[in-house]
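Pasting my_file15.csv here (CSV, C-alpha atoms):
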```
chain,number,residue,atom,x,y,z
H,1,MET,CA,2.6,20.6,12.3
H,2,TYR,CA,2.9,18.9,15.7
H,3,LYS,CA,-0.4,17.1,15.1
H,4,PHE,CA,0.9,15.6,11.9
H,5,ILE,CA,4.1,14.6,13.5
H,6,SER,CA,2.1,12.8,16.2
H,7,ILE,CA,0.0,11.0,13.6
H,8,ARG,CA,3.2,10.1,11.7
H,9,LEU,CA,4.8,8.6,14.9
H,10,LEU,CA,1.6,6.7,15.7
H,11,LEU,CA,1.5,5.2,12.2
H,12,ILE,CA,5.1,4.2,12.4
H,13,TYR,CA,4.6,2.6,15.8
H,14,PHE,CA,1.5,0.7,14.6
H,15,CYS,CA,3.2,-0.6,11.4
H,16,LEU,CA,6.3,-1.7,13.3
H,17,SER,CA,4.8,-3.1,16.6
H,18,VAL,CA,1.8,-5.1,15.4
H,19,PRO,CA,3.7,-7.3,12.9
H,20,PHE,CA,6.5,-7.9,15.5
H,21,GLN,CA,3.9,-8.9,18.1
H,22,ALA,CA,2.5,-11.4,15.6
H,23,LEU,CA,6.0,-12.7,14.8
H,24,SER,CA,6.8,-13.2,18.5
H,25,SER,CA,3.8,-15.5,19.0
H,26,THR,CA,4.1,-19.3,18.7
H,27,GLN,CA,5.0,-20.7,15.3
H,28,PRO,CA,1.9,-21.7,13.3
H,29,THR,CA,1.1,-25.2,12.3
H,30,LYS,CA,1.2,-26.4,8.7
H,31,GLU,CA,-2.6,-26.2,8.6
H,32,GLN,CA,-2.6,-22.6,9.9
H,33,VAL,CA,-0.1,-21.7,7.2
H,34,SER,CA,-2.2,-23.3,4.5
H,35,SER,CA,-5.3,-21.5,5.8
H,36,ALA,CA,-3.3,-18.2,5.7
H,37,TYR,CA,-2.7,-18.7,2.0
H,38,ASP,CA,-6.3,-19.6,1.4
H,39,ALA,CA,-7.5,-16.5,3.3
H,40,TRP,CA,-5.6,-13.8,1.4
H,41,VAL,CA,-6.3,-15.3,-1.9
H,42,ASN,CA,-10.0,-14.8,-1.7
H,43,ASP,CA,-10.5,-12.1,1.0
H,44,SER,CA,-10.6,-8.3,0.9
H,45,ILE,CA,-7.5,-6.6,2.3
H,46,ALA,CA,-7.2,-3.4,4.3
H,47,SER,CA,-3.8,-1.9,4.9
H,48,LEU,CA,-2.5,1.0,7.0
H,49,GLY,CA,1.1,2.2,6.6
H,50,VAL,CA,3.7,4.8,5.9
H,51,ASN,CA,5.4,5.8,2.6
H,52,THR,CA,8.5,7.8,1.8
H,53,TRP,CA,8.1,9.7,-1.4
H,54,GLY,CA,11.0,11.2,-3.5
H,55,ILE,CA,13.4,8.4,-2.7
H,56,VAL,CA,15.6,9.3,-5.6
H,57,ASP,CA,15.0,13.1,-5.4
H,58,ASN,CA,16.7,15.7,-3.3
H,59,GLU,CA,13.8,16.0,-0.8
H,60,GLN,CA,11.8,13.2,0.7
H,61,GLU,CA,8.3,13.3,2.3
H,62,ILE,CA,6.9,10.7,4.7
H,63,THR,CA,3.1,10.1,4.4
H,64,GLY,CA,0.4,8.0,5.8
H,65,THR,CA,-1.3,5.4,3.6
H,66,ILE,CA,-4.7,3.7,3.6
H,67,ASN,CA,-5.2,1.0,1.0
H,68,PHE,CA,-8.3,-1.2,0.5
H,69,SER,CA,-8.3,-4.0,-2.0
H,70,PHE,CA,-11.6,-5.8,-2.6
H,71,ALA,CA,-11.9,-9.5,-3.1
H,72,PRO,CA,-10.6,-10.6,-6.5
H,73,ILE,CA,-13.0,-10.8,-9.4
H,74,SER,CA,-12.6,-14.3,-10.8
H,75,GLN,CA,-14.3,-13.5,-14.1
H,76,PHE,CA,-11.8,-10.6,-14.6
H,77,TYR,CA,-8.4,-12.4,-14.3
H,78,ASP,CA,-8.6,-12.2,-10.5
H,79,LEU,CA,-8.0,-8.5,-10.5
H,80,ARG,CA,-8.9,-6.6,-7.3
H,81,PRO,CA,-10.6,-3.2,-7.4
H,82,THR,CA,-8.4,-1.0,-5.1
H,83,LEU,CA,-8.9,2.3,-3.2
H,84,PHE,CA,-5.6,4.1,-2.3
H,85,ILE,CA,-5.4,7.1,-0.1
H,86,ASN,CA,-2.2,8.9,0.7
H,87,ILE,CA,-2.1,11.8,3.2
H,88,GLY,CA,0.9,14.0,3.7
H,89,ASP,CA,1.9,17.3,5.4
H,90,ASP,CA,-0.6,20.2,5.3
H,91,SER,CA,-3.4,17.8,4.3
H,92,ASP,CA,-1.7,17.1,1.0
H,93,GLY,CA,-3.3,14.0,-0.4
H,94,TYR,CA,-3.6,11.6,-3.3
H,95,TYR,CA,-6.9,9.8,-3.7
H,96,SER,CA,-7.2,7.1,-6.3
H,97,LEU,CA,-9.0,4.0,-7.6
H,98,GLY,CA,-7.4,1.2,-9.6
H,99,LEU,CA,-6.7,-2.5,-9.9
H,100,SER,CA,-4.2,-4.8,-8.4
H,101,ARG,CA,-3.2,-8.4,-8.9
H,102,HIS,CA,-1.7,-10.7,-6.3
H,103,PHE,CA,0.4,-13.8,-7.2
H,104,GLY,CA,1.2,-16.5,-4.5
H,105,LEU,CA,4.8,-17.4,-4.3
H,106,THR,CA,4.7,-19.7,-1.3
H,107,SER,CA,2.2,-20.2,1.5
H,108,ARG,CA,3.9,-17.2,3.3
H,109,TRP,CA,4.9,-14.9,0.5
H,110,SER,CA,3.0,-13.2,-2.3
H,111,LEU,CA,3.9,-10.7,-5.0
H,112,GLY,CA,1.6,-8.1,-6.4
H,113,LEU,CA,1.2,-5.4,-9.0
H,114,GLY,CA,-1.1,-2.4,-9.0
H,115,PHE,CA,-2.2,0.6,-11.0
H,116,GLN,CA,-4.3,3.5,-9.9
H,117,ALA,CA,-5.5,6.8,-11.4
H,118,GLY,CA,-6.5,9.5,-9.1
H,119,TYR,CA,-6.7,13.1,-7.9
H,120,LEU,CA,-3.7,14.9,-6.3
H,121,LYS,CA,-4.6,17.7,-4.0
H,122,ASN,CA,-1.3,19.6,-4.1
H,123,VAL,CA,-0.2,19.9,-7.7
H,124,GLU,CA,2.9,22.1,-7.2
H,125,SER,CA,5.2,19.2,-6.7
H,126,LEU,CA,4.0,16.9,-9.5
H,127,GLY,CA,2.5,19.3,-12.0
H,128,TYR,CA,-1.1,18.2,-12.5
H,129,GLU,CA,-4.2,17.2,-10.6
H,130,VAL,CA,-4.6,13.8,-12.4
H,131,GLU,CA,-1.8,11.4,-11.5
H,132,PHE,CA,-1.2,7.7,-12.2
H,133,TYR,CA,0.4,5.4,-9.7
H,134,SER,CA,2.0,2.1,-10.5
H,135,ARG,CA,3.5,-0.2,-7.9
H,136,VAL,CA,5.0,-3.6,-7.1
H,137,PHE,CA,4.7,-5.1,-3.7
H,138,LEU,CA,5.8,-8.1,-1.6
H,139,ILE,CA,3.6,-9.4,1.2
H,140,TYR,CA,4.7,-11.6,4.1
H,141,HIS,CA,1.6,-13.3,5.5
H,142,LEU,CA,2.0,-13.3,9.3
H,143,ALA,CA,-1.2,-15.3,10.0
H,144,ALA,CA,-4.5,-16.3,8.4
H,145,ASP,CA,-5.8,-12.7,8.8
H,146,SER,CA,-2.7,-10.4,8.5
H,147,GLY,CA,0.4,-9.6,6.6
H,148,LEU,CA,3.3,-7.2,6.3
H,149,LYS,CA,3.6,-5.4,2.9
H,150,LEU,CA,6.7,-3.8,1.4
H,151,GLU,CA,5.8,-1.6,-1.7
H,152,VAL,CA,7.8,0.3,-4.3
H,153,GLY,CA,6.0,2.6,-6.7
H,154,HIS,CA,6.0,5.5,-9.2
H,155,ILE,CA,3.6,8.4,-9.6
H,156,SER,CA,3.4,10.5,-12.7
H,157,ASN,CA,0.8,12.6,-14.7
H,158,ALA,CA,1.8,10.8,-17.9
H,159,GLY,CA,2.6,14.1,-19.6
H,160,PHE,CA,-0.9,15.6,-19.2
H,161,GLY,CA,0.6,18.6,-17.3
H,162,GLU,CA,3.3,21.0,-18.4
H,163,LEU,CA,5.4,19.8,-15.6
H,164,ASN,CA,5.9,16.0,-15.1
H,165,PRO,CA,8.7,15.2,-12.7
H,166,GLY,CA,7.2,12.0,-11.3
H,167,SER,CA,8.2,10.6,-8.0
H,168,GLU,CA,9.2,7.2,-6.6
H,169,ASN,CA,8.2,5.8,-3.2
H,170,ILE,CA,8.9,3.0,-0.8
H,171,GLY,CA,6.3,2.0,1.8
H,172,LEU,CA,5.7,-0.4,4.6
H,173,SER,CA,2.2,-1.3,5.8
H,174,TYR,CA,0.3,-3.8,8.0
H,175,SER,CA,-2.5,-5.6,6.2
H,176,HIS,CA,-5.6,-7.3,7.6
H,177,TYR,CA,-7.7,-9.8,5.6
H,178,PHE,CA,-11.4,-10.2,6.0
```
Could you rewrite the structure in this file as structure tokens?
Amino acid sequence: MYKFISIRLLLIYFCLSVPFQALSSTQPTKEQVSSAYDAWVNDSIASLGVNTWGIVDNEQEITGTINFSFAPISQFYDLRPTLFINIGDDSDGYYSLGLSRHFGLTSRWSLGLGFQAGYLKNVESLGYEVEFYSRVFLIYHLAADSGLKLEVGHISNAGFGELNPGSENIGLSYSHYF
């Protein structure tokens, strides 16, 4: 229990301190902002963050999230293959693969949509081992190689299980482009 609380606090510290350190640095030039846009458009993206699940339910759970989006496939509508791992208390976990699509709004902001299908380790809360996760996210690009992502999503087994309560989440993560 205490080990997980320590991990949770470390994730929260990382997600909050790294972006603010980047924000407190000098303002980027117009060329740097343009290169930030170019970077995230074509690069793979690794994210580390925290999610709060059950935001419209009676009980909430805070979890750690690792998300890896590969570079977009131009022949396939610029969709990005995506790996999503979500770890909670008592080693509960959701492990999934899917696709995401990013849309540039400005040189600093982008909007994205994603869909995953995956395995849920603890089925008591959501009713079935196979769960589908859809999400919408907003990214603020801090620099040419990093961003801060706010995400809202829904997980459900799409009626495959006898029980299908679904759950909504909100998350914050730090992203690195490479």
- Query: With distances taken over only C-alpha atoms, which of H:Phe115, H:Tyr77, H:Phe84, H:Tyr133 is nearest to Asn157 of chain H?
  - Reply: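 Smallest distance to Asn157 of chain H is found for H:Tyr133.
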- Message: Quick one: residues within 8 Å of Leu163 of chain H, all atoms listed in the file, excluding same-chain residues fewer than 2 positions away - as a list in words?
- Response: Leu126, Gly127, Tyr128, Gly159, Gly161 and Pro165 of chain H
- Item | Distance criterion (all atoms listed in the file): nearest to Asn122 of chain H out of H:Phe160, H:Trp109, H:Tyr94, H:Phe103 |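 Using all atoms listed in the file, Asn122 of chain H sits closest to H:Tyr94.
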- Message: List as a ChimeraX atom specification the protein and nucleic acid residues near Ile85 of chain H, meaning an atom at most 7 Å away when all atoms listed in the file are counted, but skip any in the same chain fewer than 2 places from it.
- Response: /H:65-67,83,87,94-96
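Relative to atom CA of Glu162 of chain H, atom CA of Val50 of chain H is found at 29.2 Å.
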- Could you please determine the separation between atom CA of Asp57 of chain H and atom CA of Gly166 of chain H in Å, to one decimal place? 9.8 Å
- Using atom CA of Ser173 of chain H and atom CA of Gln60 of chain H as the two end points, give the distance in Å to one decimal.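 A separation of 18.1 Å between them.
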